[in-house]
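Below is one structure, written out as structure tokens; the observations come after it.
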Amino acid sequence: MRSVRSLHTIINKDGQLLRKQPSGRIIAAFAHTEPAETTEPPASFAEVEEEKPPQKLNTSRLLPQHRKMLREERPYSEPHSWIHTTEKYNRMMFGRYGLSSGVDPRICFPTKSDLEEQAEYERVAFPHTIPEMIEINKKAKEEKRAQIRKREEELEKKLEKLDQWKRELNAKIAKKEAEAQAAKERKERLIEEVRRHFGFKVDPRDDRFKEMLEQKEREDRKKTKEAKRKAKEDKMLAKLQETAKGMNEKDTKGAASKGQIEDKD
Amino acid sequence: MGSVTNTTEKALKMLRALPRVTIGNIRPNPDSKQRSKRGRGQHGGDKHGAGNKGSGQRQNFMRLGYETGNTPFYTRFPYEPYYKGHHLRREYRPISMLQLQTLLDTNRLDTNGIIDLTSICNTGLFSIKPDERQYGFQLTDEGADLFRGKINIEVQYASDEAIAAIEKNGGHIRTAYYDMRSLQAMINPQKWFEKGVPIPKRMVPPLDAMEYYSSAERRGYLADPEEISKERLVLAQKFGYELPKIEEDPDFERLTATKDPRQIFYGLEPGWVVSLKDKAIIKPK
């Protein structure tokens, strides 16, 4: 029914034309439902139907463009929308319907400016040639390897000294501990002495105890000082004695040699 | 008779004392179906899946990853090096050697030409999505011992075992890189040709892929052919098989056919337009 209605509109639109040329062509147009191609319409619809009854009636109810697509033809021979004038659409028409689409295949190819743009893109996006890229990769890899090697060497050098450092550290710790132990023992000894002095257990927080402890500590300090001084003196003495002894020996030797000389004379 | 009337009267009296049978006094029949109430609106007046109360009902959704006061999972771990650059990494979809053998056995691949990404996509069993950074296929070693095909194949990534399995059977393998635009043309050539656009030119691989595609060990398409023939021997010794002499093969030409580094379809050059309807190639001047 759609096709009949569409035909009606054409007849109404170009009423004069229809009256001019009576022919059977409208039947064909009717059958194919191609209103665009009805350039030579007949005088009137009723007249034509009386003359030649339609042989083949399109009852598909498809729109003409869809019917064309079904027959793998270009749907619109003339642009129906601004989209149909675009390059992309026309390329697609050629791609789909080939040379029969009536599109000049030259539009499928890039223009000179397109090619220039493409070349510029490639120049910017891929600035290096393949051998250059290989070289860059190789260099980067070598650099990384060199860095690793350098770090490993550093580590090896440090590892050599590790034992020594360990020993030093252990000695330091041991010394500290010994000192702490000595101080503790001394304190205990002093407390014990104070207790012995009083003859009974005194609370370490007691003032008497504290006083006594201070005194003892003072004494102790004095004693240590004295011991230190004595040790120093002893050392000096020993040194002096040694030098004196050496001098003596020299003297005796010299005397002996002198004596020999004298003897010779 | 008298007793009968008496009984009737008694019954009537009893009835009169009973509550009346009215709509208010009757109950539904036992086991009768209770009709649910007819709610208003599209889903019978419910909450349309949004729940009752709170941000669910108000549909003011929390931002992604927010855990209502907990330290969000995505900020909980300060250092995740394994995700570095994950959005830029290339993915190669795996095809095992067993799957490849099955494709050959079921006659889904044409062994007369190069088996490339297009022919694998054309089987309809494997596909890639270039826009999801899938850059092609990789051959994995599963079923490498069962492989018996003599083929000329081009994939994007291949394990040593897969290369060995193909070369052991007298085949030829190359690993090749395709950029995203070329991949779009390759996964569905018909769609590309129907756009009426020239065949694109294959771009050079990026810097980080260059090492792979230029190494003879990986059978890269940019590697020196002489070095590749050396590496073929090396691999044969590594896996302990005798390398078939491909030079003396009657199908030598067919087996060693390769594409140009700039070419994406074998036999078609970049810049040509193909009209499938006319079965014609249109070349630029």
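Chain lettering (A, B, ...) mirrors the order of the structure tokens, residue numbering begins at 1 for each chain separately, and ligand numbering begins at 1 in order of display.
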Proximity of chain A to chain B: per-residue shortest pair, 9 Å limit, only C-alpha atoms, as a Markdown table:
```
| residue | atom | partner | partner_atom | distance |
| --- | --- | --- | --- | --- |
| A:Lys88 | CA | B:Lys195 | CA | 7.9 |
| A:Tyr89 | CA | B:Lys195 | CA | 8.5 |
| A:Asn90 | CA | B:Gly196 | CA | 8.3 |
| A:Arg91 | CA | B:Gly196 | CA | 4.7 |
| A:Met92 | CA | B:Lys195 | CA | 4.5 |
| A:Met93 | CA | B:Gly196 | CA | 7.5 |
| A:Phe94 | CA | B:Gly196 | CA | 5.9 |
| A:Gly95 | CA | B:Gly196 | CA | 4.0 |
| A:Arg96 | CA | B:Glu194 | CA | 4.9 |
| A:Tyr97 | CA | B:Lys277 | CA | 6.1 |
| A:Gly98 | CA | B:Lys277 | CA | 5.4 |
| A:Leu99 | CA | B:Asp278 | CA | 7.0 |
| A:Ser100 | CA | B:Asp278 | CA | 8.5 |
| A:Pro105 | CA | B:Ile282 | CA | 7.7 |
| A:Arg106 | CA | B:Pro284 | CA | 8.2 |
| A:Cys108 | CA | B:Val197 | CA | 5.7 |
| A:Phe109 | CA | B:Pro198 | CA | 6.5 |
| A:Pro110 | CA | B:Pro198 | CA | 8.3 |
| A:Glu122 | CA | B:Met203 | CA | 8.6 |
| A:Phe126 | CA | B:Val204 | CA | 7.7 |
| A:Thr129 | CA | B:Val204 | CA | 8.6 |
| A:Ile130 | CA | B:Val204 | CA | 7.5 |
| A:Met133 | CA | B:Leu207 | CA | 6.3 |
| A:Ile134 | CA | B:Glu211 | CA | 6.6 |
| A:Ile136 | CA | B:Leu207 | CA | 8.4 |
| A:Asn137 | CA | B:Glu211 | CA | 6.9 |
| A:Lys138 | CA | B:Glu211 | CA | 8.4 |
```
(message) Residues of range 137-275 of chain B classed as strand (DSSP E) by DSSP on the backbone are to be reported as number ranges by chain.
(response) B: 137-140, 152-155, 157-158, 172-175, 273-275
Non-local contacts of Glu91 in chain B (8 Å; only C-alpha atoms; under 4 positions in same chain excluded) as a PDB file with N, CA, C and O atoms, in the first residue's frame:
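Produced file part_30.pdb, reproduced below:
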```
ATOM      1  N   ARG B 133      44.312  -3.386  24.190  1.00  0.00           N
ATOM      2  CA  ARG B 133      45.755  -3.613  24.203  1.00  0.00           C
ATOM      3  C   ARG B 133      46.120  -5.081  24.012  1.00  0.00           C
ATOM      4  O   ARG B 133      47.095  -5.560  24.547  1.00  0.00           O
ATOM      5  N   GLN B 134      45.296  -5.804  23.286  1.00  0.00           N
ATOM      6  CA  GLN B 134      45.676  -7.166  22.906  1.00  0.00           C
ATOM      7  C   GLN B 134      46.350  -7.044  21.550  1.00  0.00           C
ATOM      8  O   GLN B 134      45.722  -6.669  20.574  1.00  0.00           O
ATOM      9  N   TYR B 135      47.640  -7.365  21.542  1.00  0.00           N
ATOM     10  CA  TYR B 135      48.431  -7.098  20.345  1.00  0.00           C
ATOM     11  C   TYR B 135      48.625  -8.326  19.480  1.00  0.00           C
ATOM     12  O   TYR B 135      49.479  -8.310  18.609  1.00  0.00           O
ATOM     13  N   GLY B 136      47.876  -9.379  19.747  1.00  0.00           N
ATOM     14  CA  GLY B 136      48.009 -10.550  18.887  1.00  0.00           C
ATOM     15  C   GLY B 136      47.990 -11.826  19.690  1.00  0.00           C
ATOM     16  O   GLY B 136      47.463 -11.883  20.792  1.00  0.00           O
TER      17      GLY B 136
END
```
(request) Write out as a list in words which residues come within 8 Å of Arg74 in chain A when counting only C-alpha atoms, dropping same-chain ones fewer than 3 positions away. (result)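 What passes the distance filter is Gln65, Lys68, Met69, Ser77, Met93, Tyr97 and Ser101 of chain A.
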(request) Find the residue from A:Leu190, A:Leu240, A:Ala140, A:Glu179 that sits nearest to Arg218 in chain A; use only C-alpha atoms when measuring. (result)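 Once distances to Arg218 in chain A are computed over only C-alpha atoms, the minimum belongs to A:Leu190.
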(message) Residues within 6 Å of range 113-127 of chain B, please, as an NGL selection string. Count only C-alpha atoms; anything in the same chain fewer than 6 positions from it doesn't count.
(response) :B and (152-154 or 186-187)
If we count only C-alpha atoms, what is near Arg148 in chain B at a cut-off of 10 Å, once residues fewer than 6 positions away on the same chain are taken out, given as a tab-separated table (two decimals) with C-alpha atoms, in the first residue's frame?
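Result file follows (out_6.tsv):
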```tsv
chain	number	residue	atom	x	y	z
B	97	MET	CA	50.28	-25.98	20.41
B	98	LEU	CA	47.52	-28.50	21.06
B	101	GLN	CA	47.12	-28.87	16.07
B	104	LEU	CA	44.95	-27.99	11.58
B	105	ASP	CA	43.21	-31.32	12.12
B	165	ALA	CA	58.00	-27.98	17.93
B	166	ILE	CA	57.34	-26.13	14.67
B	168	LYS	CA	61.24	-29.94	14.40
B	169	ASN	CA	58.39	-30.74	12.02
B	170	GLY	CA	60.02	-28.84	9.17
B	171	GLY	CA	57.99	-25.70	9.62
```
(message) Could you go through range 42-216 of chain B and tell me which residues DSSP, when run on the backbone, assigns to helix (DSSP H, G or I), listing them as a count of residues only?
(response) 63
(message) Between CA of Lys161 in chain A and CA of Ile173 in chain A, what distance in Å does the model show, to one decimal?
(response) 18.5 Å
(request) Write out as number ranges by chain which residues come within 12 Å of Gly49 in chain B when counting only C-alpha atoms, dropping same-chain ones fewer than 6 positions away. (result) B: 43, 56-59
Atoms to include: N, CA, C and O atoms. Write the selected residues as a PDB file, in the first residue's frame.
```pdb
ATOM      1  N   HIS B  43       6.933  -1.440  39.817  1.00  0.00           N
ATOM      2  CA  HIS B  43       7.235  -2.710  40.475  1.00  0.00           C
ATOM      3  C   HIS B  43       6.395  -2.891  41.719  1.00  0.00           C
ATOM      4  O   HIS B  43       6.870  -3.370  42.753  1.00  0.00           O
ATOM      5  N   GLY B  56      22.125   4.153  49.795  1.00  0.00           N
ATOM      6  CA  GLY B  56      21.560   3.293  48.752  1.00  0.00           C
ATOM      7  C   GLY B  56      20.249   3.866  48.251  1.00  0.00           C
ATOM      8  O   GLY B  56      20.033   4.025  47.052  1.00  0.00           O
ATOM      9  N   GLN B  57      19.376   4.228  49.190  1.00  0.00           N
ATOM     10  CA  GLN B  57      18.068   4.759  48.795  1.00  0.00           C
ATOM     11  C   GLN B  57      18.215   6.109  48.098  1.00  0.00           C
ATOM     12  O   GLN B  57      17.555   6.375  47.112  1.00  0.00           O
ATOM     13  N   ARG B  58      19.141   6.909  48.626  1.00  0.00           N
ATOM     14  CA  ARG B  58      19.300   8.260  48.051  1.00  0.00           C
ATOM     15  C   ARG B  58      20.146   8.237  46.791  1.00  0.00           C
ATOM     16  O   ARG B  58      20.314   9.244  46.141  1.00  0.00           O
ATOM     17  N   GLN B  59      20.752   7.107  46.537  1.00  0.00           N
ATOM     18  CA  GLN B  59      21.567   6.914  45.344  1.00  0.00           C
ATOM     19  C   GLN B  59      22.709   7.910  45.266  1.00  0.00           C
ATOM     20  O   GLN B  59      23.135   8.304  44.185  1.00  0.00           O
TER      21      GLN B  59
END
```
